[in-house]
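Note sheet for the following structure.
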Amino acid sequence: MDTFTFISYDEGEMKVGPDGAHRLVCVTESGAKVAIFGSAQNLENVNTVLDARLPCVVRCKTRTPADYATKRLGHTHWVSEDSTLEAMPRRSKRD
């Protein structure tokens, strides 16, 4: 499992591709871009991140993105809809 702190959304919001795949691309504190995928029938991982709100700390099982996504879109990690993902709001440094 990898751990990331998501600080922004790369594409502004969840997007739906021409094949119907849903994705939420998040930017981490280190500049990595993590694409979280889902289908209309399974948006659990996407909704978990959206419900946690930014910034949030995410632990998830990732895989290596396809070459085109790394080259054209800058994705560094992909999270499949059936991967394990946990998210919680990041505590402020004052907490």
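How things are named: the first chain in the structure tokens is A, the next is B, and so on; residues count from 1 in each chain; ligands count from 1 in the order shown.
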Which of chain A DSSP labels strand (DSSP E), written as a PyMOL selection string: chain A and resi 2-9+15-16+22-28+33-38+56-60+77-79+85-89
Write out as a ChimeraX atom specification the residues lying within 10 Å of region 51-61 of chain A, counting only C-alpha atoms and excluding same-chain residues fewer than 4 positions away. /A:1-9,26,28-29,36,45-47,77-80,82-92
Would you write out those residues with C-alpha atoms, as a PDB file, in the first residue's frame?
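Wrote part-v2.pdb, looks like this:
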```pdb
ATOM      1  CA  MET A   1       0.000   0.000   0.000  1.00  0.00           C
ATOM      2  CA  ASP A   2       1.163   3.507  -0.817  1.00  0.00           C
ATOM      3  CA  THR A   3       0.431   6.613   1.250  1.00  0.00           C
ATOM      4  CA  PHE A   4      -0.126  10.043  -0.318  1.00  0.00           C
ATOM      5  CA  THR A   5      -1.308  13.460   0.787  1.00  0.00           C
ATOM      6  CA  PHE A   6      -3.641  14.821  -1.894  1.00  0.00           C
ATOM      7  CA  ILE A   7      -3.636  18.617  -2.088  1.00  0.00           C
ATOM      8  CA  SER A   8      -5.498  19.370  -5.334  1.00  0.00           C
ATOM      9  CA  TYR A   9      -7.433  17.878  -8.235  1.00  0.00           C
ATOM     10  CA  CYS A  26      -5.247  14.030  -7.607  1.00  0.00           C
ATOM     11  CA  THR A  28       0.114  14.985  -4.101  1.00  0.00           C
ATOM     12  CA  GLU A  29       2.354  17.152  -1.929  1.00  0.00           C
ATOM     13  CA  ILE A  36      -8.403   6.955  -9.298  1.00  0.00           C
ATOM     14  CA  ASN A  45     -12.859   4.876  -4.258  1.00  0.00           C
ATOM     15  CA  VAL A  46     -13.599   8.149  -6.068  1.00  0.00           C
ATOM     16  CA  ASN A  47     -16.331   9.035  -3.577  1.00  0.00           C
ATOM     17  CA  HIS A  77       0.090   6.028 -10.204  1.00  0.00           C
ATOM     18  CA  TRP A  78      -3.251   4.432 -11.056  1.00  0.00           C
ATOM     19  CA  VAL A  79      -5.834   3.132  -8.583  1.00  0.00           C
ATOM     20  CA  SER A  80      -8.313   0.624 -10.021  1.00  0.00           C
ATOM     21  CA  ASP A  82     -11.438  -2.673  -7.142  1.00  0.00           C
ATOM     22  CA  SER A  83      -8.242  -1.627  -5.323  1.00  0.00           C
ATOM     23  CA  THR A  84      -8.132  -1.011  -1.600  1.00  0.00           C
ATOM     24  CA  LEU A  85      -8.325   2.711  -0.750  1.00  0.00           C
ATOM     25  CA  GLU A  86      -8.710   4.564   2.555  1.00  0.00           C
ATOM     26  CA  ALA A  87      -8.859   8.349   2.938  1.00  0.00           C
ATOM     27  CA  MET A  88      -9.008  10.700   5.883  1.00  0.00           C
ATOM     28  CA  PRO A  89      -8.804  14.472   6.160  1.00  0.00           C
ATOM     29  CA  ARG A  90      -5.279  15.709   6.843  1.00  0.00           C
ATOM     30  CA  ARG A  91      -4.994  17.226  10.255  1.00  0.00           C
ATOM     31  CA  SER A  92      -3.681  20.742  10.371  1.00  0.00           C
TER      32      SER A  92
END
```
Using only C-alpha atoms: which of A:Ala35, A:Leu50, A:Lys15, A:Leu24 has the shortest distance to Pro65 (chain A):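 For Pro65 (chain A), the nearest of the candidates is A:Ala35.
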Could you pull out all residues of chain A with a DSSP call of helix (DSSP H, G or I) and give them as a count of residues only? 16
Report the distance between CA of Val27 (chain A) and CA of Leu43 (chain A) in Å, rounded to one decimal place.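 Computed distance, CA of Val27 (chain A) to CA of Leu43 (chain A), equals 19.0 Å.
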Do you have the CA of Ser30 (chain A)-CA of Thr64 (chain A) distance handy?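 Taking CA of Ser30 (chain A) as the start and CA of Thr64 (chain A) as the end point, the length is 17.2 Å.
Computed from the coordinates, the CA of Arg63 (chain A) to CA of Ala32 (chain A) distance equals 13.4 Å.
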Using only C-alpha atoms: which of A:Gly31, A:Arg72, A:Glu81, A:Gly38 has the shortest distance to Met14 (chain A):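 So, comparing all the options, the nearest one is A:Gly38.
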